[in-house]
>>> print(open('data_36.pdb').read())   # PDB, C-alpha atoms
ATOM      1  CA  MET N   1      90.361  83.153 130.813  1.00  0.00           C
ATOM      2  CA  ARG N   2      92.672  86.144 131.046  1.00  0.00           C
ATOM      3  CA  VAL N   3      91.360  89.339 129.507  1.00  0.00           C
ATOM      4  CA  ILE N   4      94.016  92.038 129.208  1.00  0.00           C
ATOM      5  CA  ALA N   5      93.050  95.578 128.225  1.00  0.00           C
ATOM      6  CA  ILE N   6      96.041  97.384 126.749  1.00  0.00           C
ATOM      7  CA  ALA N   7      95.172 101.000 127.491  1.00  0.00           C
ATOM      8  CA  ASN N   8      96.588 104.504 127.450  1.00  0.00           C
ATOM      9  CA  GLN N   9      94.634 107.569 126.393  1.00  0.00           C
ATOM     10  CA  LYS N  10      97.735 108.980 124.731  1.00  0.00           C
ATOM     11  CA  GLY N  11      98.209 107.930 121.122  1.00  0.00           C
ATOM     12  CA  GLY N  12     101.457 106.697 119.650  1.00  0.00           C
ATOM     13  CA  VAL N  13     102.705 104.816 122.700  1.00  0.00           C
ATOM     14  CA  GLY N  14     102.684 101.342 121.162  1.00  0.00           C
ATOM     15  CA  LYS N  15      99.283  99.958 122.201  1.00  0.00           C
ATOM     16  CA  THR N  16      98.515  98.277 118.885  1.00  0.00           C
ATOM     17  CA  ALA N  17     102.053  96.942 118.432  1.00  0.00           C
ATOM     18  CA  THR N  18     101.889  95.519 121.940  1.00  0.00           C
ATOM     19  CA  VAL N  19      98.526  93.817 121.420  1.00  0.00           C
ATOM     20  CA  LEU N  20      99.696  92.277 118.144  1.00  0.00           C
ATOM     21  CA  ASN N  21     103.175  91.187 119.168  1.00  0.00           C
ATOM     22  CA  LEU N  22     102.336  90.075 122.693  1.00  0.00           C
ATOM     23  CA  GLY N  23      99.421  88.107 121.258  1.00  0.00           C
ATOM     24  CA  ALA N  24     101.568  86.555 118.526  1.00  0.00           C
ATOM     25  CA  ALA N  25     104.293  85.682 121.037  1.00  0.00           C
ATOM     26  CA  LEU N  26     101.787  84.005 123.382  1.00  0.00           C
ATOM     27  CA  ALA N  27     100.247  82.124 120.446  1.00  0.00           C
ATOM     28  CA  ALA N  28     103.702  80.922 119.371  1.00  0.00           C
ATOM     29  CA  MET N  29     104.123  79.575 122.920  1.00  0.00           C
ATOM     30  CA  GLY N  30     101.025  77.437 122.392  1.00  0.00           C
ATOM     31  CA  GLU N  31      98.430  79.688 124.043  1.00  0.00           C
ATOM     32  CA  ARG N  32      95.067  80.309 122.381  1.00  0.00           C
ATOM     33  CA  VAL N  33      94.744  84.064 121.842  1.00  0.00           C
ATOM     34  CA  ILE N  34      91.908  86.303 120.684  1.00  0.00           C
ATOM     35  CA  LEU N  35      92.771  89.884 119.750  1.00  0.00           C
ATOM     36  CA  VAL N  36      89.934  92.399 120.027  1.00  0.00           C
ATOM     37  CA  ASP N  37      90.228  95.619 118.030  1.00  0.00           C
ATOM     38  CA  LEU N  38      88.262  98.356 119.822  1.00  0.00           C
ATOM     39  CA  ASP N  39      89.909 101.261 118.004  1.00  0.00           C
ATOM     40  CA  ALA N  40      87.980 102.863 115.130  1.00  0.00           C
ATOM     41  CA  GLN N  41      91.272 103.415 113.294  1.00  0.00           C
ATOM     42  CA  ALA N  42      91.322  99.600 112.906  1.00  0.00           C
ATOM     43  CA  ASN N  43      95.119  99.515 112.705  1.00  0.00           C
ATOM     44  CA  LEU N  44      95.278  96.187 114.534  1.00  0.00           C
ATOM     45  CA  THR N  45      92.858  94.700 112.009  1.00  0.00           C
ATOM     46  CA  THR N  46      94.931  95.996 109.095  1.00  0.00           C
ATOM     47  CA  ILE N  47      98.329  94.847 110.311  1.00  0.00           C
ATOM     48  CA  THR N  48      96.966  91.431 111.253  1.00  0.00           C
ATOM     49  CA  GLY N  49      96.274  90.933 107.565  1.00  0.00           C
ATOM     50  CA  VAL N  50      92.464  90.949 107.694  1.00  0.00           C
ATOM     51  CA  GLU N  51      91.197  91.871 104.223  1.00  0.00           C
ATOM     52  CA  GLU N  52      87.411  91.535 104.522  1.00  0.00           C
ATOM     53  CA  VAL N  53      85.242  92.532 107.474  1.00  0.00           C
ATOM     54  CA  GLU N  54      81.558  91.613 107.385  1.00  0.00           C
ATOM     55  CA  LEU N  55      80.884  91.983 111.095  1.00  0.00           C
ATOM     56  CA  SER N  56      83.094  93.893 113.510  1.00  0.00           C
ATOM     57  CA  SER N  57      83.563  94.857 117.140  1.00  0.00           C
ATOM     58  CA  TYR N  58      80.963  97.570 116.491  1.00  0.00           C
ATOM     59  CA  ASP N  59      78.342  94.862 115.871  1.00  0.00           C
ATOM     60  CA  LEU N  60      79.550  92.923 118.897  1.00  0.00           C
ATOM     61  CA  LEU N  61      78.966  95.918 121.173  1.00  0.00           C
ATOM     62  CA  LEU N  62      75.749  97.274 119.700  1.00  0.00           C
ATOM     63  CA  SER N  63      73.786  94.223 118.588  1.00  0.00           C
ATOM     64  CA  ASP N  64      72.145  91.899 121.104  1.00  0.00           C
ATOM     65  CA  ASP N  65      71.817  89.165 118.478  1.00  0.00           C
ATOM     66  CA  ILE N  66      75.470  88.952 117.491  1.00  0.00           C
ATOM     67  CA  GLY N  67      77.970  87.000 119.552  1.00  0.00           C
ATOM     68  CA  LEU N  68      81.721  86.544 119.551  1.00  0.00           C
ATOM     69  CA  ARG N  69      81.559  83.415 117.397  1.00  0.00           C
ATOM     70  CA  ASP N  70      79.780  85.372 114.666  1.00  0.00           C
ATOM     71  CA  ILE N  71      82.654  87.835 114.354  1.00  0.00           C
ATOM     72  CA  VAL N  72      85.961  86.258 115.359  1.00  0.00           C
ATOM     73  CA  GLN N  73      88.279  85.461 112.446  1.00  0.00           C
ATOM     74  CA  SER N  74      91.321  83.267 112.116  1.00  0.00           C
ATOM     75  CA  THR N  75      94.670  84.753 111.100  1.00  0.00           C
ATOM     76  CA  ALA N  76      97.652  83.380 109.221  1.00  0.00           C
ATOM     77  CA  TYR N  77      99.138  82.267 112.544  1.00  0.00           C
ATOM     78  CA  ASP N  78      98.290  79.214 114.624  1.00  0.00           C
ATOM     79  CA  ASN N  79      96.317  79.887 117.837  1.00  0.00           C
ATOM     80  CA  LEU N  80      95.839  83.578 116.946  1.00  0.00           C
ATOM     81  CA  LEU N  81      92.309  84.907 116.273  1.00  0.00           C
ATOM     82  CA  ILE N  82      90.940  88.426 115.912  1.00  0.00           C
ATOM     83  CA  VAL N  83      87.726  90.373 116.383  1.00  0.00           C
ATOM     84  CA  PRO N  84      88.217  93.034 113.685  1.00  0.00           C
ATOM     85  CA  ALA N  85      87.185  96.686 113.721  1.00  0.00           C
ATOM     86  CA  GLU N  86      85.891  99.136 111.130  1.00  0.00           C
ATOM     87  CA  ASP N  87      85.626 102.913 111.107  1.00  0.00           C
ATOM     88  CA  THR N  88      81.920 102.558 112.042  1.00  0.00           C
ATOM     89  CA  LEU N  89      83.202 101.934 115.560  1.00  0.00           C
ATOM     90  CA  ALA N  90      83.707 105.688 115.897  1.00  0.00           C
ATOM     91  CA  ALA N  91      79.928 106.051 116.224  1.00  0.00           C
ATOM     92  CA  ALA N  92      79.809 103.590 119.111  1.00  0.00           C
ATOM     93  CA  GLU N  93      80.996 106.181 121.638  1.00  0.00           C
ATOM     94  CA  VAL N  94      77.824 108.195 121.041  1.00  0.00           C
ATOM     95  CA  GLN N  95      75.473 105.251 120.592  1.00  0.00           C
ATOM     96  CA  LEU N  96      76.600 103.468 123.749  1.00  0.00           C
ATOM     97  CA  ALA N  97      75.542 106.472 125.795  1.00  0.00           C
ATOM     98  CA  ASP N  98      71.901 105.463 125.317  1.00  0.00           C
ATOM     99  CA  VAL N  99      72.356 101.703 125.751  1.00  0.00           C
ATOM    100  CA  GLU N 100      71.402  99.903 128.941  1.00  0.00           C
ATOM    101  CA  GLN N 101      74.373  98.481 130.877  1.00  0.00           C
ATOM    102  CA  ARG N 102      76.658 100.213 128.373  1.00  0.00           C
ATOM    103  CA  GLN N 103      79.858  99.536 130.313  1.00  0.00           C
ATOM    104  CA  ASN N 104      79.154  95.777 130.371  1.00  0.00           C
ATOM    105  CA  ARG N 105      78.524  95.161 126.667  1.00  0.00           C
ATOM    106  CA  LEU N 106      81.879  93.565 125.929  1.00  0.00           C
ATOM    107  CA  ARG N 107      82.092  91.633 129.196  1.00  0.00           C
ATOM    108  CA  ASN N 108      78.733  90.000 128.513  1.00  0.00           C
ATOM    109  CA  LYS N 109      79.869  88.925 125.037  1.00  0.00           C
ATOM    110  CA  LEU N 110      83.017  87.270 126.425  1.00  0.00           C
ATOM    111  CA  ASP N 111      81.144  85.070 128.895  1.00  0.00           C
ATOM    112  CA  GLY N 112      81.353  81.962 126.719  1.00  0.00           C
ATOM    113  CA  VAL N 113      85.074  82.120 125.967  1.00  0.00           C
ATOM    114  CA  ALA N 114      87.045  79.043 127.008  1.00  0.00           C
ATOM    115  CA  ALA N 115      88.905  79.260 130.313  1.00  0.00           C
ATOM    116  CA  ASP N 116      92.317  78.649 128.737  1.00  0.00           C
ATOM    117  CA  THR N 117      91.995  81.552 126.283  1.00  0.00           C
ATOM    118  CA  TRP N 118      93.857  84.858 126.391  1.00  0.00           C
ATOM    119  CA  VAL N 119      91.910  87.909 125.197  1.00  0.00           C
ATOM    120  CA  LEU N 120      93.957  91.015 124.403  1.00  0.00           C
ATOM    121  CA  ILE N 121      92.026  94.239 123.770  1.00  0.00           C
ATOM    122  CA  ASP N 122      93.382  97.158 121.770  1.00  0.00           C
ATOM    123  CA  THR N 123      91.730 100.354 123.028  1.00  0.00           C
ATOM    124  CA  PRO N 124      91.371 103.791 121.424  1.00  0.00           C
ATOM    125  CA  PRO N 125      93.446 106.799 122.553  1.00  0.00           C
ATOM    126  CA  SER N 126      90.713 108.092 124.855  1.00  0.00           C
ATOM    127  CA  LEU N 127      88.973 107.284 128.145  1.00  0.00           C
ATOM    128  CA  GLY N 128      85.481 107.013 126.637  1.00  0.00           C
ATOM    129  CA  PHE N 129      82.920 104.202 126.606  1.00  0.00           C
ATOM    130  CA  LEU N 130      85.049 101.895 124.453  1.00  0.00           C
ATOM    131  CA  THR N 131      87.967 101.978 126.885  1.00  0.00           C
ATOM    132  CA  ILE N 132      85.559 101.651 129.818  1.00  0.00           C
ATOM    133  CA  ASN N 133      84.065  98.556 128.157  1.00  0.00           C
ATOM    134  CA  ALA N 134      87.537  97.074 127.752  1.00  0.00           C
ATOM    135  CA  LEU N 135      88.483  97.733 131.388  1.00  0.00           C
ATOM    136  CA  THR N 136      85.144  96.426 132.675  1.00  0.00           C
ATOM    137  CA  ALA N 137      85.611  93.205 130.699  1.00  0.00           C
ATOM    138  CA  ALA N 138      89.255  92.807 131.700  1.00  0.00           C
ATOM    139  CA  THR N 139      90.872  90.760 134.412  1.00  0.00           C
ATOM    140  CA  ASP N 140      93.992  92.876 133.944  1.00  0.00           C
ATOM    141  CA  ALA N 141      95.130  96.225 132.564  1.00  0.00           C
ATOM    142  CA  LEU N 142      98.477  96.649 130.851  1.00  0.00           C
ATOM    143  CA  ILE N 143      99.716 100.202 130.290  1.00  0.00           C
ATOM    144  CA  PRO N 144     102.281 100.889 127.560  1.00  0.00           C
ATOM    145  CA  VAL N 145     104.208 104.110 128.187  1.00  0.00           C
ATOM    146  CA  GLN N 146     106.531 105.700 125.685  1.00  0.00           C
ATOM    147  CA  CYS N 147     109.945 106.541 127.127  1.00  0.00           C
ATOM    148  CA  SER N 148     109.400 110.288 127.289  1.00  0.00           C
ATOM    149  CA  TYR N 149     108.543 112.714 130.049  1.00  0.00           C
ATOM    150  CA  LEU N 150     105.416 114.017 128.288  1.00  0.00           C
ATOM    151  CA  ALA N 151     104.081 110.495 127.772  1.00  0.00           C
ATOM    152  CA  MET N 152     104.244 109.968 131.537  1.00  0.00           C
ATOM    153  CA  GLN N 153     101.918 112.879 132.212  1.00  0.00           C
ATOM    154  CA  GLY N 154      98.752 111.106 131.105  1.00  0.00           C
ATOM    155  CA  LEU N 155      99.224 108.211 133.499  1.00  0.00           C
ATOM    156  CA  ARG N 156      97.381 109.919 136.346  1.00  0.00           C
ATOM    157  CA  GLY N 157      94.160 110.157 134.337  1.00  0.00           C
ATOM    158  CA  LEU N 158      94.339 106.523 133.237  1.00  0.00           C
ATOM    159  CA  LEU N 159      95.083 105.256 136.739  1.00  0.00           C
ATOM    160  CA  GLY N 160      92.134 107.300 137.979  1.00  0.00           C
ATOM    161  CA  THR N 161      89.906 105.695 135.355  1.00  0.00           C
ATOM    162  CA  ILE N 162      91.074 102.218 136.371  1.00  0.00           C
ATOM    163  CA  GLU N 163      90.221 103.019 139.988  1.00  0.00           C
ATOM    164  CA  THR N 164      86.781 104.304 138.964  1.00  0.00           C
ATOM    165  CA  VAL N 165      86.119 101.100 137.006  1.00  0.00           C
ATOM    166  CA  ARG N 166      87.118  99.073 140.072  1.00  0.00           C
ATOM    167  CA  GLU N 167      84.665 101.027 142.223  1.00  0.00           C
ATOM    168  CA  ARG N 168      81.719 100.939 139.827  1.00  0.00           C
ATOM    169  CA  SER N 169      81.820  97.852 137.642  1.00  0.00           C
ATOM    170  CA  ASN N 170      84.881  95.614 137.977  1.00  0.00           C
ATOM    171  CA  PRO N 171      86.295  95.334 141.514  1.00  0.00           C
ATOM    172  CA  ASP N 172      88.653  92.513 140.480  1.00  0.00           C
ATOM    173  CA  LEU N 173      90.465  94.540 137.813  1.00  0.00           C
ATOM    174  CA  ARG N 174      94.174  94.648 138.542  1.00  0.00           C
ATOM    175  CA  LEU N 175      97.116  96.442 137.037  1.00  0.00           C
ATOM    176  CA  LEU N 176      99.157  93.699 135.424  1.00  0.00           C
ATOM    177  CA  GLY N 177     102.009  96.071 134.741  1.00  0.00           C
ATOM    178  CA  VAL N 178     103.458  99.125 133.044  1.00  0.00           C
ATOM    179  CA  LEU N 179     105.416  98.518 129.844  1.00  0.00           C
ATOM    180  CA  LEU N 180     108.064 100.915 128.608  1.00  0.00           C
ATOM    181  CA  THR N 181     108.069 101.296 124.830  1.00  0.00           C
ATOM    182  CA  MET N 182     110.330 103.094 122.338  1.00  0.00           C
ATOM    183  CA  TYR N 183     113.187 102.779 124.795  1.00  0.00           C
ATOM    184  CA  ASP N 184     116.569 104.066 123.651  1.00  0.00           C
ATOM    185  CA  ARG N 185     119.256 103.069 126.127  1.00  0.00           C
ATOM    186  CA  ARG N 186     121.681 105.551 124.514  1.00  0.00           C
ATOM    187  CA  THR N 187     119.765 108.594 125.754  1.00  0.00           C
ATOM    188  CA  ILE N 188     119.841 110.063 129.231  1.00  0.00           C
ATOM    189  CA  HIS N 189     116.177 110.995 128.859  1.00  0.00           C
ATOM    190  CA  SER N 190     115.079 107.368 128.395  1.00  0.00           C
ATOM    191  CA  ARG N 191     117.114 106.285 131.398  1.00  0.00           C
ATOM    192  CA  GLN N 192     115.595 109.055 133.502  1.00  0.00           C
ATOM    193  CA  VAL N 193     112.066 107.972 132.535  1.00  0.00           C
ATOM    194  CA  VAL N 194     112.893 104.388 133.501  1.00  0.00           C
ATOM    195  CA  GLU N 195     114.219 105.573 136.859  1.00  0.00           C
ATOM    196  CA  ARG N 196     111.143 107.677 137.650  1.00  0.00           C
ATOM    197  CA  LEU N 197     108.670 104.975 136.677  1.00  0.00           C
ATOM    198  CA  SER N 198     110.655 102.401 138.638  1.00  0.00           C
ATOM    199  CA  GLU N 199     110.425 104.603 141.732  1.00  0.00           C
ATOM    200  CA  HIS N 200     106.653 104.979 141.323  1.00  0.00           C
ATOM    201  CA  PHE N 201     105.592 101.505 140.147  1.00  0.00           C
ATOM    202  CA  GLY N 202     108.300  99.253 141.541  1.00  0.00           C
ATOM    203  CA  LYS N 203     107.675  95.614 140.616  1.00  0.00           C
ATOM    204  CA  GLN N 204     104.660  96.595 138.539  1.00  0.00           C
ATOM    205  CA  LEU N 205     107.054  97.909 135.903  1.00  0.00           C
ATOM    206  CA  PHE N 206     107.832  95.089 133.471  1.00  0.00           C
ATOM    207  CA  LYS N 207     111.492  94.130 133.232  1.00  0.00           C
ATOM    208  CA  SER N 208     111.036  93.783 129.485  1.00  0.00           C
ATOM    209  CA  MET N 209     111.332  97.098 127.648  1.00  0.00           C
ATOM    210  CA  ILE N 210     110.461  97.536 123.986  1.00  0.00           C
ATOM    211  CA  PRO N 211     113.263  99.242 122.062  1.00  0.00           C
ATOM    212  CA  ARG N 212     112.800 102.006 119.530  1.00  0.00           C
ATOM    213  CA  SER N 213     113.344 100.489 116.085  1.00  0.00           C
ATOM    214  CA  VAL N 214     112.427 101.197 112.466  1.00  0.00           C
ATOM    215  CA  VAL N 215     111.871  97.435 112.039  1.00  0.00           C
ATOM    216  CA  PHE N 216     108.414  97.897 113.568  1.00  0.00           C
ATOM    217  CA  ASP N 217     107.502 100.088 110.589  1.00  0.00           C
ATOM    218  CA  TYR N 218     108.705  97.459 108.126  1.00  0.00           C
ATOM    219  CA  ALA N 219     106.630  94.790 109.874  1.00  0.00           C
ATOM    220  CA  THR N 220     103.570  97.057 109.739  1.00  0.00           C
ATOM    221  CA  VAL N 221     103.971  97.553 105.977  1.00  0.00           C
ATOM    222  CA  ALA N 222     104.289  93.786 105.603  1.00  0.00           C
ATOM    223  CA  ALA N 223     101.118  93.311 107.737  1.00  0.00           C
ATOM    224  CA  GLN N 224     102.893  90.863 110.030  1.00  0.00           C
ATOM    225  CA  PRO N 225     103.686  90.694 113.729  1.00  0.00           C
ATOM    226  CA  LEU N 226     107.322  91.599 114.287  1.00  0.00           C
ATOM    227  CA  VAL N 227     107.863  88.318 116.119  1.00  0.00           C
ATOM    228  CA  HIS N 228     107.228  86.570 112.775  1.00  0.00           C
ATOM    229  CA  PHE N 229     108.468  89.213 110.343  1.00  0.00           C
ATOM    230  CA  ARG N 230     111.951  89.420 111.855  1.00  0.00           C
ATOM    231  CA  GLU N 231     112.313  86.839 114.598  1.00  0.00           C
ATOM    232  CA  THR N 232     115.898  87.732 115.453  1.00  0.00           C
ATOM    233  CA  SER N 233     115.289  91.470 115.952  1.00  0.00           C
ATOM    234  CA  ALA N 234     115.664  93.116 119.355  1.00  0.00           C
ATOM    235  CA  GLY N 235     111.986  94.114 119.279  1.00  0.00           C
ATOM    236  CA  ALA N 236     110.818  90.563 118.633  1.00  0.00           C
ATOM    237  CA  ASP N 237     113.023  89.277 121.433  1.00  0.00           C
ATOM    238  CA  ALA N 238     111.633  91.936 123.796  1.00  0.00           C
ATOM    239  CA  TYR N 239     108.048  90.881 123.087  1.00  0.00           C
ATOM    240  CA  ARG N 240     108.867  87.203 123.593  1.00  0.00           C
ATOM    241  CA  LYS N 241     110.379  88.096 126.971  1.00  0.00           C
ATOM    242  CA  LEU N 242     107.287  90.177 127.770  1.00  0.00           C
ATOM    243  CA  ALA N 243     105.035  87.218 126.924  1.00  0.00           C
ATOM    244  CA  LYS N 244     106.932  85.087 129.436  1.00  0.00           C
ATOM    245  CA  GLU N 245     106.616  87.806 132.080  1.00  0.00           C
ATOM    246  CA  VAL N 246     102.903  88.223 131.417  1.00  0.00           C
ATOM    247  CA  ARG N 247     102.269  84.504 131.642  1.00  0.00           C
ATOM    248  CA  LYS N 248     104.261  84.254 134.885  1.00  0.00           C
ATOM    249  CA  ARG N 249     102.400  87.192 136.472  1.00  0.00           C
ATOM    250  CA  ALA N 250      99.064  85.713 135.434  1.00  0.00           C
ATOM    251  CA  LYS N 251      99.918  82.402 137.081  1.00  0.00           C
ATOM    252  CA  GLU N 252     101.007  84.133 140.280  1.00  0.00           C
ATOM    253  CA  SER N 253      97.770  86.137 140.638  1.00  0.00           C
TER     254      SER N 253
END
>>> encode(input="data_36.pdb", output="structure tokens")
Amino acid sequence: MRVIAIANQKGGVGKTATVLNLGAALAAMGERVILVDLDAQANLTTITGVEEVELSSYDLLLSDDIGLRDIVQSTAYDNLLIVPAEDTLAAAEVQLADVEQRQNRLRNKLDGVAADTWVLIDTPPSLGFLTINALTAATDALIPVQCSYLAMQGLRGLLGTIETVRERSNPDLRLLGVLLTMYDRRTIHSRQVVERLSEHFGKQLFKSMIPRSVVFDYATVAAQPLVHFRETSAGADAYRKLAKEVRKRAKES
């Protein structure tokens, strides 16, 4: 089982789009994929087309009697499942503070997942208990970074959090890679960001870069992954290439 936490405490960098489209691309390649929505905004749940939520990731984290099988839902796409979220998840940050082994709640609930399954976790734009749970449960962390100088500034805090999680609860957590999103090859600024991140992260920077495109907005309105909504778009192609990179890196680790 590969558990990938897609994390960045900065909002608007493409975390949810990456979870959805990477997951859909892997599923289209024949992999079994479970998406886990750990963001109280529940955007992943909405754009996956989930209409009714009886139990959510909130119940998974806070209830000892509820397991993954009680919550996971199928989607309209083969091999692609989801653990949905609701706005009640916002209360989990406070409630987890008083729970025993609070950083291990999600990891314990994933214990029974089949070995050939991919679990992709969408995290909130913060470094609180929900993100810590995702990183503690994860085999890998994937960091989406918007192609802008300001978006790069928050990386130090996230990398520090990943190191803290390694020291305290998940020594095997590794950085799978840094993904550049909203890339515009026409601008000098985007090219400068790519250059600086390449210097710092080297091979950990994914070769695939997600282009800036209004088509992502259209796919969101349609509640479909871009890789299905417009298969021939540059964004869909970028996520298919990313899926191949992710699968190759996972096999090499």
>>> resolve_selection(input="data_36.pdb", expression="the PyMOL selection byres ((chain N and resi 177) around 9)", output="list in words")
Asp140, Ala141, Leu142, Ile143, Pro144, Arg174, Leu175, Leu176, Val178, Leu179, Phe201, Lys203, Gln204, Leu205, Phe206 and Val246 of chain N
>>> resolve_selection(input="data_36.pdb", expression="the PyMOL selection byres ((chain N and resi 181-193) around 8)", output="PyMOL selection string")
chain N and resi 13-14+144-149+179-180+194-197+209-213
>>> closest_residue(input="data_36.pdb", among="N:Arg2, N:His200, N:His228, N:Lys207", to="Leu20 in chain N", atoms="only C-alpha atoms")
N:His228
>>> residues_around(input="data_36.pdb", residues="Glu93 in chain N", least_positions_apart="6", cutoff="8 Å", atoms="only C-alpha atoms", output="list in words")
Gly128, Phe129 and Leu130 of chain N
>>> residues_around(input="data_36.pdb", residues="Arg166 in chain N", least_positions_apart="5", cutoff="12 Å", atoms="only C-alpha atoms", output="list in words")
Ile132, Leu135, Thr136, Ala137, Ala138, Thr139, Asp140, Ala141, Leu159, Gly160, Thr161, Pro171, Asp172, Leu173, Arg174 and Leu175 of chain N
>>> resolve_selection(input="data_36.pdb", expression="the PyMOL selection byres ((chain N and resi 8) around 10)", output="PyMOL selection string")
chain N and resi 5-7+9-15+122-127+131+141-145+151+154-155+157-159
>>> atom_distance(input="data_36.pdb", atom1="CA of Leu106 in chain N", atom2="CA of Ala223 in chain N")
26.5 Å
>>> closest_residue(input="data_36.pdb", among="N:Asn21, N:Gln101, N:Thr88, N:Asn79", to="Glu54 in chain N", atoms="only C-alpha atoms")
N:Thr88
>>> atom_distance(input="data_36.pdb", atom1="CA of Gln95 in chain N", atom2="CA of Ser74 in chain N")
28.4 Å
>>> closest_residue(input="data_36.pdb", among="N:Ser63, N:Ala134, N:Ala238, N:Val221", to="Ile4 in chain N", atoms="only C-alpha atoms")
N:Ala134
>>> atom_distance(input="data_36.pdb", atom1="CA of Val19 in chain N", atom2="CA of Asp65 in chain N")
27.3 Å
>>> closest_residue(input="data_36.pdb", among="N:Val214, N:Val33, N:Ile71, N:Ala25", to="Leu55 in chain N", atoms="all atoms listed in the file")
N:Ile71
>>> closest_residue(input="data_36.pdb", among="N:Asn170, N:Ala222, N:Asp217, N:Val99", to="Thr48 in chain N", atoms="only C-alpha atoms")
N:Ala222
>>> closest_residue(input="data_36.pdb", among="N:Leu61, N:Ala114, N:Met1, N:Leu80", to="Lys251 in chain N", atoms="all atoms listed in the file")
N:Met1
>>> residues_around(input="data_36.pdb", residues="Ala236 in chain N", least_positions_apart="2", cutoff="10 Å", atoms="all atoms listed in the file", output="list in words")
Asn21, Leu22, Ala25, Ile210, Pro211, Val215, Phe216, Pro225, Leu226, Val227, His228, Phe229, Arg230, Glu231, Thr232, Ser233, Ala234, Ala238, Tyr239, Arg240, Lys241 and Leu242 of chain N
>>> build_atoms(input="data_36.pdb", residues="range 141-152 of chain N", atoms="N, CA and C atoms", output="mmCIF file, in the coordinates of the input")
data_model
loop_
_atom_site.group_PDB
_atom_site.id
_atom_site.type_symbol
_atom_site.label_atom_id
_atom_site.label_comp_id
_atom_site.auth_asym_id
_atom_site.auth_seq_id
_atom_site.Cartn_x
_atom_site.Cartn_y
_atom_site.Cartn_z
ATOM 1 N N ALA N 141 94.798 95.092 133.430
ATOM 2 C CA ALA N 141 95.130 96.225 132.564
ATOM 3 C C ALA N 141 96.643 96.269 132.388
ATOM 4 N N LEU N 142 97.065 96.487 131.155
ATOM 5 C CA LEU N 142 98.477 96.649 130.851
ATOM 6 C C LEU N 142 98.641 98.024 130.216
ATOM 7 N N ILE N 143 99.553 98.824 130.756
ATOM 8 C CA ILE N 143 99.716 100.202 130.290
ATOM 9 C C ILE N 143 101.055 100.357 129.580
ATOM 10 N N PRO N 144 101.033 100.561 128.246
ATOM 11 C CA PRO N 144 102.281 100.889 127.560
ATOM 12 C C PRO N 144 102.571 102.384 127.711
ATOM 13 N N VAL N 145 103.804 102.719 128.008
ATOM 14 C CA VAL N 145 104.208 104.110 128.187
ATOM 15 C C VAL N 145 105.456 104.373 127.358
ATOM 16 N N GLN N 146 105.368 105.324 126.466
ATOM 17 C CA GLN N 146 106.531 105.700 125.685
ATOM 18 C C GLN N 146 107.590 106.308 126.600
ATOM 19 N N CYS N 147 108.853 106.033 126.297
ATOM 20 C CA CYS N 147 109.945 106.541 127.127
ATOM 21 C C CYS N 147 110.164 108.030 126.884
ATOM 22 N N SER N 148 109.238 108.837 127.359
ATOM 23 C CA SER N 148 109.400 110.288 127.289
ATOM 24 C C SER N 148 108.661 110.908 128.456
ATOM 25 N N TYR N 149 109.136 112.045 128.895
ATOM 26 C CA TYR N 149 108.543 112.714 130.049
ATOM 27 C C TYR N 149 107.090 113.075 129.793
ATOM 28 N N LEU N 150 106.785 113.600 128.598
ATOM 29 C CA LEU N 150 105.416 114.017 128.288
ATOM 30 C C LEU N 150 104.459 112.828 128.283
ATOM 31 N N ALA N 151 104.941 111.677 127.814
ATOM 32 C CA ALA N 151 104.081 110.495 127.772
ATOM 33 C C ALA N 151 103.706 110.026 129.171
ATOM 34 N N MET N 152 104.538 110.357 130.160
ATOM 35 C CA MET N 152 104.244 109.968 131.537
ATOM 36 C C MET N 152 103.105 110.776 132.137
#
